[in-house]
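**Q** My file is start-v3.txt. It has compact mmCIF, C-alpha atoms:
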# COMPACT_ATOMS: atom_id res chain seq x y z
CA MET Z 84 13.56 16.14 -19.25
CA THR Z 85 9.89 15.30 -19.84
CA PRO Z 86 8.87 12.10 -18.05
CA ILE Z 87 6.94 9.43 -19.92
CA ILE Z 88 4.08 7.66 -18.14
CA THR Z 89 1.90 4.78 -19.29
CA ALA Z 90 -1.90 4.57 -19.23
CA PHE Z 91 -4.57 2.22 -20.57
CA GLU Z 92 -5.13 2.44 -24.31
CA ARG Z 93 -8.79 1.70 -23.56
CA SER Z 94 -9.95 2.93 -20.17
CA PRO Z 95 -11.81 0.11 -18.36
CA ASP Z 96 -13.91 2.74 -16.56
CA ARG Z 97 -14.83 4.59 -19.77
CA GLY Z 98 -13.00 7.79 -18.87
CA GLN Z 99 -14.16 8.13 -15.26
CA GLY Z 100 -10.52 8.65 -14.18
CA LEU Z 101 -10.47 5.75 -11.72
CA ALA Z 102 -7.33 4.03 -13.06
CA ARG Z 103 -4.07 4.63 -11.24
CA ASP Z 104 -2.45 6.71 -14.00
CA MET Z 105 -4.86 9.44 -12.83
CA ARG Z 106 -2.86 9.76 -9.56
CA VAL Z 107 0.34 10.40 -11.46
CA ARG Z 108 -1.31 12.76 -13.95
CA TRP Z 109 -2.84 14.72 -11.06
CA ALA Z 110 0.46 14.92 -9.14
CA LEU Z 111 2.28 16.17 -12.25
CA GLU Z 112 -0.42 18.81 -12.81
CA GLU Z 113 -0.18 19.94 -9.16
CA VAL Z 114 3.55 20.60 -9.54
CA GLY Z 115 3.31 21.98 -13.09
CA GLN Z 116 5.40 19.27 -14.72
CA PRO Z 117 4.37 18.21 -18.24
CA CYS Z 118 4.59 14.56 -19.24
CA GLU Z 119 4.26 12.37 -22.28
CA VAL Z 120 1.71 9.57 -22.09
CA ARG Z 121 2.32 6.26 -23.81
CA LEU Z 122 -0.85 4.18 -24.16
CA VAL Z 123 -0.65 0.42 -23.74
CA SER Z 124 -3.17 -2.25 -24.65
CA PHE Z 125 -4.18 -5.05 -22.26
CA GLU Z 126 -2.26 -7.47 -24.48
CA ALA Z 127 0.91 -5.36 -24.51
CA MET Z 128 0.82 -5.03 -20.71
CA LYS Z 129 1.52 -8.75 -20.38
CA GLN Z 130 4.42 -8.76 -22.88
CA PRO Z 131 8.12 -8.75 -21.93
CA ALA Z 132 8.72 -5.14 -23.00
CA HIS Z 133 6.13 -3.83 -20.54
CA LEU Z 134 6.93 -6.40 -17.84
CA ALA Z 135 10.51 -5.10 -17.88
CA LEU Z 136 9.06 -1.75 -16.78
CA HIS Z 137 6.32 -3.12 -14.54
CA PRO Z 138 6.87 -6.62 -13.11
CA PHE Z 139 3.15 -7.01 -12.37
CA GLY Z 140 2.00 -6.00 -15.86
CA GLN Z 141 0.01 -2.97 -14.82
CA ILE Z 142 -0.06 0.78 -15.39
CA PRO Z 143 1.20 3.39 -14.62
CA THR Z 144 4.92 3.34 -15.16
CA TYR Z 145 7.23 6.36 -15.12
CA GLU Z 146 10.38 6.85 -17.18
CA GLU Z 147 12.66 9.82 -16.76
CA GLY Z 148 16.11 9.50 -18.31
CA ASP Z 149 17.77 6.48 -16.71
CA LEU Z 150 15.07 6.05 -14.09
CA ALA Z 151 12.16 3.65 -14.56
CA LEU Z 152 9.56 3.35 -11.79
CA PHE Z 153 6.33 1.48 -11.24
CA GLU Z 154 3.64 1.68 -8.48
CA SER Z 155 1.59 4.86 -8.42
CA GLY Z 156 2.51 5.47 -4.76
CA ALA Z 157 6.23 5.40 -5.52
CA ILE Z 158 5.83 7.57 -8.60
CA VAL Z 159 3.77 10.22 -6.79
CA LEU Z 160 6.26 10.23 -3.90
CA HIS Z 161 9.14 10.63 -6.38
CA ILE Z 162 7.38 13.59 -8.02
CA ALA Z 163 6.51 15.09 -4.62
CA GLU Z 164 10.11 14.86 -3.45
CA ARG Z 165 11.51 16.59 -6.52
CA HIS Z 166 8.99 19.41 -6.95
CA ALA Z 167 7.42 21.86 -4.51
CA GLY Z 168 3.72 21.67 -3.80
CA LEU Z 169 2.89 18.16 -2.62
CA LEU Z 170 4.83 17.76 0.63
CA PRO Z 171 5.28 20.19 3.54
CA ASP Z 172 8.75 21.63 4.21
CA ASP Z 173 8.70 20.70 7.90
CA ALA Z 174 10.27 17.23 8.31
CA ASN Z 175 7.66 15.89 10.74
CA ALA Z 176 4.73 17.19 8.70
CA ARG Z 177 6.34 15.67 5.61
CA ALA Z 178 6.61 12.24 7.29
CA ARG Z 179 2.95 12.46 8.32
CA ALA Z 180 1.85 13.34 4.78
CA ILE Z 181 3.74 10.28 3.52
CA ALA Z 182 1.98 8.20 6.22
CA TRP Z 183 -1.36 9.23 4.70
CA MET Z 184 -0.12 8.06 1.29
CA PHE Z 185 0.59 4.64 2.77
CA ALA Z 186 -2.74 4.68 4.64
CA ALA Z 187 -4.57 5.31 1.37
CA LEU Z 188 -2.78 2.46 -0.37
CA ASN Z 189 -2.41 -0.17 2.34
CA THR Z 190 -5.38 0.45 4.68
CA VAL Z 191 -8.17 2.16 2.73
CA GLU Z 192 -7.68 0.85 -0.82
CA PRO Z 193 -7.54 -2.93 -0.19
CA PRO Z 194 -11.20 -3.28 0.93
CA ILE Z 195 -12.26 -0.96 -1.92
CA LEU Z 196 -10.41 -3.12 -4.44
CA GLU Z 197 -12.07 -6.16 -2.91
CA LEU Z 198 -15.46 -4.64 -3.69
CA ALA Z 199 -14.42 -4.24 -7.33
CA ILE Z 200 -13.34 -7.89 -7.41
CA ALA Z 201 -16.57 -8.99 -5.70
CA LYS Z 202 -18.60 -7.15 -8.34
CA PHE Z 203 -16.65 -7.64 -11.53
CA VAL Z 204 -14.80 -10.93 -11.00
CA GLU Z 205 -17.13 -12.78 -8.63
CA GLY Z 206 -20.36 -11.05 -9.64
CA ASP Z 207 -21.67 -14.20 -11.33
CA LYS Z 208 -20.77 -16.57 -8.47
CA PRO Z 209 -23.55 -18.14 -6.41
CA TRP Z 210 -22.32 -16.40 -3.23
CA SER Z 211 -22.09 -12.93 -4.75
CA GLU Z 212 -25.34 -11.42 -3.47
CA GLN Z 213 -24.98 -12.83 0.04
CA ARG Z 214 -21.33 -11.84 0.40
CA LEU Z 215 -21.50 -8.28 -0.95
CA PRO Z 216 -22.86 -6.72 2.30
CA LEU Z 217 -19.86 -8.12 4.24
CA VAL Z 218 -17.43 -6.60 1.74
CA LYS Z 219 -19.22 -3.25 1.92
CA ASP Z 220 -19.25 -3.28 5.73
CA ARG Z 221 -15.46 -3.65 5.76
CA ILE Z 222 -15.23 -0.52 3.65
CA ARG Z 223 -17.73 1.32 5.89
CA ASN Z 224 -15.57 0.50 8.90
CA ARG Z 225 -12.58 2.25 7.29
CA LEU Z 226 -14.66 5.16 6.04
CA GLN Z 227 -16.11 5.71 9.50
CA GLN Z 228 -12.60 5.87 11.00
CA LEU Z 229 -11.31 8.15 8.25
CA SER Z 230 -14.34 10.43 8.55
CA ALA Z 231 -13.86 10.68 12.32
CA ARG Z 232 -10.21 11.68 11.85
CA LEU Z 233 -10.88 14.22 9.11
CA GLY Z 234 -13.64 15.92 11.14
CA ASP Z 235 -14.33 19.39 9.79
CA ALA Z 236 -10.83 19.91 8.40
CA ASP Z 237 -10.36 20.52 4.68
CA TRP Z 238 -7.45 18.10 4.35
CA LEU Z 239 -6.03 15.25 6.44
CA ASP Z 240 -3.10 17.10 8.01
CA GLY Z 241 -2.78 20.83 7.35
CA ALA Z 242 -2.44 21.92 3.73
CA PHE Z 243 -3.29 19.70 0.74
CA SER Z 244 -0.53 17.11 0.25
CA ALA Z 245 0.37 13.98 -1.68
CA GLY Z 246 -1.40 12.12 1.16
CA ASP Z 247 -4.68 13.83 0.29
CA LEU Z 248 -4.09 13.23 -3.41
CA MET Z 249 -3.74 9.48 -2.87
CA MET Z 250 -6.64 9.32 -0.40
CA VAL Z 251 -9.05 11.34 -2.55
CA HIS Z 252 -8.29 9.20 -5.59
CA THR Z 253 -8.65 6.00 -3.59
CA LEU Z 254 -12.06 7.18 -2.32
CA LEU Z 255 -13.09 8.20 -5.84
CA ARG Z 256 -13.06 4.53 -6.73
CA LEU Z 257 -16.12 4.21 -4.48
CA LYS Z 258 -18.12 6.72 -6.50
CA PRO Z 259 -19.87 4.16 -8.71
CA SER Z 260 -21.04 2.29 -5.55
CA GLY Z 261 -22.79 5.31 -4.05
CA MET Z 262 -21.20 4.49 -0.66
CA LEU Z 263 -19.46 7.86 -0.36
CA GLY Z 264 -22.89 9.42 0.07
CA GLU Z 265 -23.20 7.65 3.43
CA PHE Z 266 -20.30 9.76 4.71
CA PRO Z 267 -20.99 13.42 3.92
CA THR Z 268 -17.68 14.51 5.47
CA LEU Z 269 -15.78 12.28 3.04
CA ALA Z 270 -18.00 13.12 0.08
CA ALA Z 271 -17.18 16.80 0.65
CA TYR Z 272 -13.48 15.97 1.03
CA VAL Z 273 -13.47 14.14 -2.29
CA ALA Z 274 -15.37 17.00 -3.92
CA ARG Z 275 -12.70 19.43 -2.67
CA GLY Z 276 -10.07 17.27 -4.35
CA GLU Z 277 -12.00 17.06 -7.60
CA ALA Z 278 -12.48 20.84 -7.61
CA ARG Z 279 -8.74 21.50 -7.73
CA PRO Z 280 -7.71 22.89 -11.14
CA ALA Z 281 -4.86 20.37 -11.34
CA TYR Z 282 -7.32 17.50 -10.83
CA GLN Z 283 -9.58 18.89 -13.53
CA ARG Z 284 -6.73 19.18 -16.03
CA ALA Z 285 -5.61 15.61 -15.29
CA PHE Z 286 -9.18 14.34 -15.53
CA ASP Z 287 -9.71 16.06 -18.87
CA ALA Z 288 -6.46 14.60 -20.23
CA GLN Z 289 -7.41 11.02 -19.41
CA LEU Z 290 -10.97 11.57 -20.67
CA ALA Z 291 -9.56 12.82 -23.97
CA VAL Z 292 -7.76 9.47 -24.39
CA PHE Z 293 -11.01 7.59 -23.89
CA SER Z 294 -12.97 9.90 -26.17
CA ALA Z 295 -10.35 9.60 -28.91
CA ALA Z 296 -10.45 5.81 -28.65
CA GLN Z 297 -14.21 6.01 -29.05
CA GLY Z 298 -13.73 7.99 -32.23
CA LYS Z 299 -15.54 10.97 -30.76
CA LEU Z 300 -12.78 13.49 -31.31
CA MET F 175 15.99 9.96 21.45
CA THR F 176 14.69 6.39 21.66
CA PRO F 177 11.56 5.91 19.57
CA ILE F 178 8.52 4.20 21.06
CA ILE F 179 6.58 1.73 18.94
CA THR F 180 3.36 -0.15 19.69
CA ALA F 181 2.70 -3.87 19.30
CA PHE F 182 -0.07 -6.31 20.23
CA GLU F 183 -0.22 -7.17 23.93
CA ARG F 184 -1.35 -10.63 22.82
CA SER F 185 0.01 -11.69 19.45
CA PRO F 186 -2.84 -13.06 17.28
CA ASP F 187 -0.35 -15.34 15.50
CA ARG F 188 1.10 -16.69 18.76
CA GLY F 189 4.57 -15.24 18.25
CA GLN F 190 5.06 -16.14 14.58
CA GLY F 191 6.11 -12.56 13.86
CA LEU F 192 3.46 -11.95 11.22
CA ALA F 193 2.02 -8.73 12.67
CA ARG F 194 3.15 -5.45 11.17
CA ASP F 195 5.17 -4.32 14.21
CA MET F 196 7.69 -6.93 13.04
CA ARG F 197 8.52 -4.79 9.98
CA VAL F 198 9.38 -1.83 12.18
CA ARG F 199 11.30 -3.94 14.69
CA TRP F 200 13.29 -5.50 11.82
CA ALA F 201 14.06 -2.13 10.22
CA LEU F 202 15.25 -0.71 13.55
CA GLU F 203 17.49 -3.75 14.08
CA GLU F 204 18.95 -3.39 10.56
CA VAL F 205 20.03 0.19 11.28
CA GLY F 206 21.07 -0.49 14.88
CA GLN F 207 18.50 1.80 16.48
CA PRO F 208 17.04 0.64 19.82
CA CYS F 209 13.39 1.27 20.58
CA GLU F 210 10.90 1.01 23.41
CA VAL F 211 7.86 -1.16 22.81
CA ARG F 212 4.50 -0.26 24.33
CA LEU F 213 2.04 -3.15 24.26
CA VAL F 214 -1.63 -2.46 23.57
CA SER F 215 -4.66 -4.67 24.07
CA PHE F 216 -7.33 -5.13 21.42
CA GLU F 217 -9.68 -3.10 23.60
CA ALA F 218 -7.21 -0.23 24.05
CA MET F 219 -6.59 -0.07 20.29
CA LYS F 220 -10.15 1.13 19.74
CA GLN F 221 -10.02 3.80 22.46
CA PRO F 222 -9.50 7.53 21.82
CA ALA F 223 -5.94 7.58 23.20
CA HIS F 224 -4.75 5.05 20.64
CA LEU F 225 -6.97 6.36 17.83
CA ALA F 226 -5.26 9.73 18.27
CA LEU F 227 -2.03 7.95 17.30
CA HIS F 228 -3.53 5.58 14.74
CA PRO F 229 -6.81 6.68 13.11
CA PHE F 230 -7.60 3.09 12.05
CA GLY F 231 -7.01 1.58 15.49
CA GLN F 232 -4.16 -0.70 14.51
CA ILE F 233 -0.52 -1.29 15.37
CA PRO F 234 2.28 -0.35 14.89
CA THR F 235 2.64 3.33 15.72
CA TYR F 236 5.92 5.21 16.10
CA GLU F 237 6.62 8.12 18.44
CA GLU F 238 9.86 10.04 18.44
CA GLY F 239 9.84 13.37 20.21
CA ASP F 240 7.18 15.53 18.55
CA LEU F 241 6.65 13.10 15.70
CA ALA F 242 3.89 10.48 15.74
CA LEU F 243 3.50 8.16 12.76
CA PHE F 244 1.31 5.23 11.79
CA GLU F 245 1.41 2.77 8.85
CA SER F 246 4.31 0.34 8.85
CA GLY F 247 5.34 1.43 5.35
CA ALA F 248 5.65 5.05 6.39
CA ILE F 249 7.50 4.16 9.60
CA VAL F 250 10.00 1.92 7.81
CA LEU F 251 10.57 4.59 5.16
CA HIS F 252 11.11 7.21 7.88
CA ILE F 253 13.68 4.97 9.58
CA ALA F 254 15.35 4.17 6.24
CA GLU F 255 15.66 7.86 5.34
CA ARG F 256 17.27 8.79 8.64
CA HIS F 257 19.73 5.91 9.07
CA ALA F 258 22.16 4.23 6.69
CA GLY F 259 21.59 0.62 5.67
CA LEU F 260 18.11 0.34 4.18
CA LEU F 261 18.20 2.54 1.07
CA PRO F 262 20.91 2.90 -1.60
CA ASP F 263 22.82 6.19 -1.88
CA ASP F 264 22.20 6.52 -5.62
CA ALA F 265 19.00 8.55 -6.14
CA ASN F 266 17.55 6.34 -8.87
CA ALA F 267 18.31 3.11 -6.98
CA ARG F 268 16.75 4.68 -3.90
CA ALA F 269 13.53 5.51 -5.80
CA ARG F 270 13.39 1.94 -7.12
CA ALA F 271 13.83 0.47 -3.61
CA ILE F 272 10.92 2.63 -2.44
CA ALA F 273 8.88 1.37 -5.41
CA TRP F 274 9.37 -2.17 -4.10
CA MET F 275 8.07 -1.05 -0.70
CA PHE F 276 4.89 0.20 -2.35
CA ALA F 277 4.69 -2.96 -4.49
CA ALA F 278 4.81 -5.10 -1.35
CA LEU F 279 2.06 -3.09 0.32
CA ASN F 280 -0.27 -2.20 -2.53
CA THR F 281 0.19 -5.03 -5.05
CA VAL F 282 1.38 -8.15 -3.21
CA GLU F 283 -0.17 -7.76 0.25
CA PRO F 284 -3.84 -7.09 -0.65
CA PRO F 285 -4.54 -10.58 -2.10
CA ILE F 286 -2.61 -12.12 0.82
CA LEU F 287 -4.74 -10.21 3.33
CA GLU F 288 -7.82 -11.34 1.45
CA LEU F 289 -6.79 -14.96 2.05
CA ALA F 290 -6.58 -14.26 5.77
CA ILE F 291 -10.06 -12.71 5.67
CA ALA F 292 -11.40 -15.64 3.63
CA LYS F 293 -10.04 -18.07 6.21
CA PHE F 294 -10.57 -16.31 9.51
CA VAL F 295 -13.56 -14.03 8.90
CA GLU F 296 -15.47 -15.93 6.20
CA GLY F 297 -14.25 -19.42 7.06
CA ASP F 298 -17.68 -20.41 8.41
CA LYS F 299 -19.65 -19.03 5.46
CA PRO F 300 -21.38 -21.41 3.05
CA TRP F 301 -19.22 -20.19 0.14
CA SER F 302 -15.92 -20.53 1.93
CA GLU F 303 -14.71 -23.83 0.47
CA GLN F 304 -15.76 -23.04 -3.07
CA ARG F 305 -14.30 -19.53 -3.04
CA LEU F 306 -10.90 -20.26 -1.47
CA PRO F 307 -9.26 -21.55 -4.69
CA LEU F 308 -10.10 -18.27 -6.45
CA VAL F 309 -8.52 -16.26 -3.67
CA LYS F 310 -5.41 -18.43 -3.76
CA ASP F 311 -5.11 -18.18 -7.54
CA ARG F 312 -5.03 -14.39 -7.29
CA ILE F 313 -2.07 -14.72 -4.93
CA ARG F 314 -0.37 -17.25 -7.24
CA ASN F 315 -0.67 -14.80 -10.10
CA ARG F 316 1.28 -12.19 -8.14
CA LEU F 317 3.82 -14.72 -6.83
CA GLN F 318 4.48 -15.95 -10.38
CA GLN F 319 5.20 -12.41 -11.56
CA LEU F 320 7.36 -11.63 -8.55
CA SER F 321 9.28 -14.88 -8.92
CA ALA F 322 9.91 -14.15 -12.62
CA ARG F 323 11.29 -10.72 -11.78
CA LEU F 324 13.49 -11.91 -8.93
CA GLY F 325 15.00 -14.71 -11.02
CA ASP F 326 18.24 -15.94 -9.49
CA ALA F 327 19.07 -12.65 -7.78
CA ASP F 328 19.43 -12.53 -4.01
CA TRP F 329 17.35 -9.36 -3.62
CA LEU F 330 14.89 -7.44 -5.78
CA ASP F 331 17.22 -4.67 -6.96
CA GLY F 332 20.88 -4.89 -6.01
CA ALA F 333 21.69 -4.96 -2.30
CA PHE F 334 19.15 -5.73 0.44
CA SER F 335 16.88 -2.71 0.96
CA ALA F 336 13.73 -1.55 2.72
CA GLY F 337 11.92 -2.85 -0.39
CA ASP F 338 13.15 -6.37 0.34
CA LEU F 339 12.32 -5.99 4.02
CA MET F 340 8.69 -5.12 3.25
CA MET F 341 8.39 -7.78 0.53
CA VAL F 342 9.90 -10.57 2.62
CA HIS F 343 7.64 -9.78 5.54
CA THR F 344 4.59 -9.58 3.29
CA LEU F 345 5.44 -13.01 1.84
CA LEU F 346 6.03 -14.42 5.32
CA ARG F 347 2.33 -13.98 5.93
CA LEU F 348 1.82 -16.81 3.42
CA LYS F 349 3.89 -19.24 5.45
CA PRO F 350 0.95 -20.82 7.31
CA SER F 351 -0.76 -21.50 3.94
CA GLY F 352 2.13 -23.51 2.50
CA MET F 353 1.79 -21.58 -0.78
CA LEU F 354 5.35 -20.27 -0.70
CA GLY F 355 6.53 -23.84 -1.28
CA GLU F 356 5.03 -23.68 -4.78
CA PHE F 357 7.56 -20.96 -5.66
CA PRO F 358 11.04 -22.18 -4.66
CA THR F 359 12.65 -18.94 -5.83
CA LEU F 360 10.47 -16.96 -3.44
CA ALA F 361 10.79 -19.48 -0.62
CA ALA F 362 14.58 -19.10 -0.85
CA TYR F 363 14.24 -15.30 -0.97
CA VAL F 364 12.15 -15.30 2.19
CA ALA F 365 14.62 -17.67 3.86
CA ARG F 366 17.47 -15.24 3.04
CA GLY F 367 15.52 -12.50 4.74
CA GLU F 368 14.79 -14.62 7.79
CA ALA F 369 18.47 -15.56 8.05
CA ARG F 370 19.58 -11.97 8.53
CA PRO F 371 20.79 -11.38 12.10
CA ALA F 372 18.62 -8.24 12.35
CA TYR F 373 15.54 -10.26 11.43
CA GLN F 374 16.41 -12.88 14.04
CA ARG F 375 16.83 -10.28 16.78
CA ALA F 376 13.50 -8.68 15.88
CA PHE F 377 11.80 -12.05 15.73
CA ASP F 378 13.16 -13.04 19.14
CA ALA F 379 12.00 -9.74 20.65
CA GLN F 380 8.39 -10.16 19.49
CA LEU F 381 8.41 -13.84 20.49
CA ALA F 382 9.54 -12.86 23.99
CA VAL F 383 6.41 -10.69 24.29
CA PHE F 384 4.20 -13.62 23.39
CA SER F 385 6.06 -16.01 25.68
CA ALA F 386 5.85 -13.59 28.60
CA ALA F 387 2.10 -13.17 28.03
CA GLN F 388 1.81 -16.95 28.14
CA GLY F 389 3.58 -16.98 31.47
CA LYS F 390 6.45 -19.02 30.07
CA LEU F 391 9.25 -16.67 31.03
So that I can check it, write out the structure of this file as structure tokens.
**A**
Amino acid sequence: MTPIITAFERSPDRGQGLARDMRVRWALEEVGQPCEVRLVSFEAMKQPAHLALHPFGQIPTYEEGDLALFESGAIVLHIAERHAGLLPDDANARARAIAWMFAALNTVEPPILELAIAKFVEGDKPWSEQRLPLVKDRIRNRLQQLSARLGDADWLDGAFSAGDLMMVHTLLRLKPSGMLGEFPTLAAYVARGEARPAYQRAFDAQLAVFSAAQGKL
Amino acid sequence: MTPIITAFERSPDRGQGLARDMRVRWALEEVGQPCEVRLVSFEAMKQPAHLALHPFGQIPTYEEGDLALFESGAIVLHIAERHAGLLPDDANARARAIAWMFAALNTVEPPILELAIAKFVEGDKPWSEQRLPLVKDRIRNRLQQLSARLGDADWLDGAFSAGDLMMVHTLLRLKPSGMLGEFPTLAAYVARGEARPAYQRAFDAQLAVFSAAQGKL
């Protein structure tokens, strides 16, 4: 049965693939599972029909028969558990790959999200300019630690896994800031992720939504 | 084999149980699995031996034979997958419980952590007083949505699960702020979690560490 996911009707990042539906699209492409995409407007996301699927009024959601899920981490893990290609067979290696998924979402992403808030929500506040370097230094602290762990390996723990998928996409959110360039090891890691054919197909699919909304197709 | 977890040698919250080792202690108590606790100092957490276990120099970690894990979410999920009591048997209900784990860590916790940063790291900055209401309103937004979803249910989705464990502990971090009191539904939910015998045993165990460090035992 083809799963149905939700994505922004109008991409806030203008098709750069930074929204969280991209993680689910990429995971589905990695395992060769097609999906249907239902686009939702910002208004519809706050209405009861969508809140029934996603209590926090966000995207993506995932519907597959009787199952409805929210949270990109949970959806990617669900996909990774049901299809080969995103988690190692060895039980210990599998647990470690899942640990990297949580690290991406609970340790690396929060300071990166805070930078987005500092820029786009608090950008006009009187403290914005003075505070921004503090916010960026918190990110640098995490990037330094992540870069040290990755070293000269291609991926975080053996072969490419759902942990790398979540980490690469989390780091991609830093692209507009230019901060990735300060950490060549991580910039190369992210580039390896972006070079994967499954990433490219997912990226093109979300870009097509943006282009269509712009009337360019 | 008895797993070994790490916790702060000196609890920054003075035994209130707000550090992330509490989530792992609580999960282990729920499933009736004993553990050994290795205490680490703030200095030791930044040294190579600990960084080999936890790339971001934090607690908790989890060692069990050949397996070493970090990230409380990943550790609790690992425990929940290997012991009965924290995840439903039904596959769809299980996926939804895991979604609530991710929601706690990636949607509810980030604004709560930001409040801690605003208070303890930026509390002496010139913008602190003016900015705090914005930070709190972002938390209120999430609490309102969570409260609406919970309604008059005891737990987020059927029986108590690892999703509730992570959510309750995430919300507990708001206790010092008094904000939980604005959402009686959530205050009662947190109180139900705290009333569980497994929570109490875990709480007492971490408090004993603090008390011993204070020379009170």
**Q** Can you write out as a Markdown table which residues of chain Z fall within 7 Å of chain F, alongside each residue's closest atom pair and its distance in Å to one decimal, counting all atoms listed in the file and ordering rows by chain and ascending residue number?
**A**
| residue | atom | partner | partner_atom | distance |
| --- | --- | --- | --- | --- |
| Z:Pro138 | CA | F:Arg323 | CA | 6.2 |
| Z:Phe139 | CA | F:Gln319 | CA | 5.8 |
| Z:Leu150 | CA | F:Asn266 | CA | 5.8 |
| Z:Leu152 | CA | F:Arg270 | CA | 6.2 |
| Z:Phe153 | CA | F:Ala273 | CA | 6.4 |
| Z:Glu154 | CA | F:Ala273 | CA | 6.1 |
| Z:Gly156 | CA | F:Phe276 | CA | 6.3 |
| Z:Ala157 | CA | F:Ala273 | CA | 4.8 |
| Z:His161 | CA | F:Ala269 | CA | 6.8 |
| Z:Asn175 | CA | F:Leu241 | CA | 5.8 |
| Z:Ala178 | CA | F:His252 | CA | 6.8 |
| Z:Arg179 | CA | F:Leu243 | CA | 6.2 |
| Z:Ile181 | CA | F:Ala248 | CA | 6.3 |
| Z:Ala182 | CA | F:Ala248 | CA | 4.8 |
| Z:Phe185 | CA | F:Ala248 | CA | 6.2 |
| Z:Ala186 | CA | F:Glu245 | CA | 6.2 |
| Z:Leu188 | CA | F:Asn280 | CA | 5.7 |
| Z:Asn189 | CA | F:Asn280 | CA | 5.7 |
| Z:Pro193 | CA | F:Pro284 | CA | 5.6 |
| Z:Trp210 | CA | F:Trp301 | CA | 5.9 |
| Z:Arg225 | CA | F:Phe230 | CA | 6.9 |
| Z:Gln228 | CA | F:Phe230 | CA | 5.8 |
| Z:Leu229 | CA | F:Pro229 | CA | 6.8 |
| Z:Arg232 | CA | F:Pro229 | CA | 6.2 |
**Q** Report, in Å with one decimal, the straight-line distance from CA of Leu354 in chain F to CA of Ile200 in chain Z.
**A**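 Answer for the CA of Leu354 in chain F to CA of Ile200 in chain Z separation: 23.4 Å.
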**Q** Need the shell around Gln190 in chain F: protein/DNA/RNA residues with any atom at most 10 Å away, counting only C-alpha atoms. Skip same-chain ones fewer than 5 positions apart. Format as a PyMOL selection string?
**A** chain F and resi 185+196+346-347+349-350+377-378+380-381+384
**Q** What is the distance, in Å and to one decimal place, between CA of Ile286 in chain F and CA of Ser385 in chain F?
**A**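 Those two atoms sit 26.6 Å apart.
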**Q** Compile the contact shell of Ile162 in chain Z as a list in words: residues with an atom at most 12 Å away, counting all atoms listed in the file, same-chain residues fewer than 5 positions apart removed.
**A**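 Using all atoms listed in the file, the neighbours found are Pro86, Arg106, Val107, Arg108, Trp109, Ala110, Leu111, Glu112, Glu113, Val114, Gly115, Gln116, Pro117, Cys118, Tyr145, Glu146, Glu147, Leu152, Ser155, Gly156, Ala157, Ala167, Gly168, Leu169, Leu170, Ser244 and Ala245 of chain Z; Ala269 of chain F.
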**Q** Between CA of Arg93 in chain Z and CA of Val292 in chain Z, measure the distance and give it in Å to one decimal.
**A**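 Pair CA of Arg93 in chain Z / CA of Val292 in chain Z returns 7.9 Å.
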**Q** What's around Ala236 in chain Z at 10 Å? Count all atoms listed in the file, leave out sequence neighbours fewer than 6 positions away in its own chain, and write the answer as a PDB file with C-alpha atoms, in the frame of the given file.
**A**
ATOM      1  CA  ALA Z 242      -2.440  21.920   3.730  1.00  0.00           C
ATOM      2  CA  THR Z 268     -17.680  14.510   5.470  1.00  0.00           C
ATOM      3  CA  TYR Z 272     -13.480  15.970   1.030  1.00  0.00           C
TER       4      TYR Z 272
END
**Q** Calculate, to one decimal in Å, the centre and edge lengths of the box along x, y and z of the file that holds all listed atoms of range 135-150 of chain Z with 5 Å of margin on each side, and present them as JSON.
**A**
{"center_x": 8.9, "center_y": 1.4, "center_z": -15.3, "size_x": 27.8, "size_y": 26.8, "size_z": 15.9}
**Q** What's around Glu119 in chain Z at 9 Å? Count all atoms listed in the file, leave out sequence neighbours fewer than 5 positions away in its own chain, and write the answer as a list in words.
**A** Thr85, Pro86, Ile87, Ile88 and Thr89 of chain Z
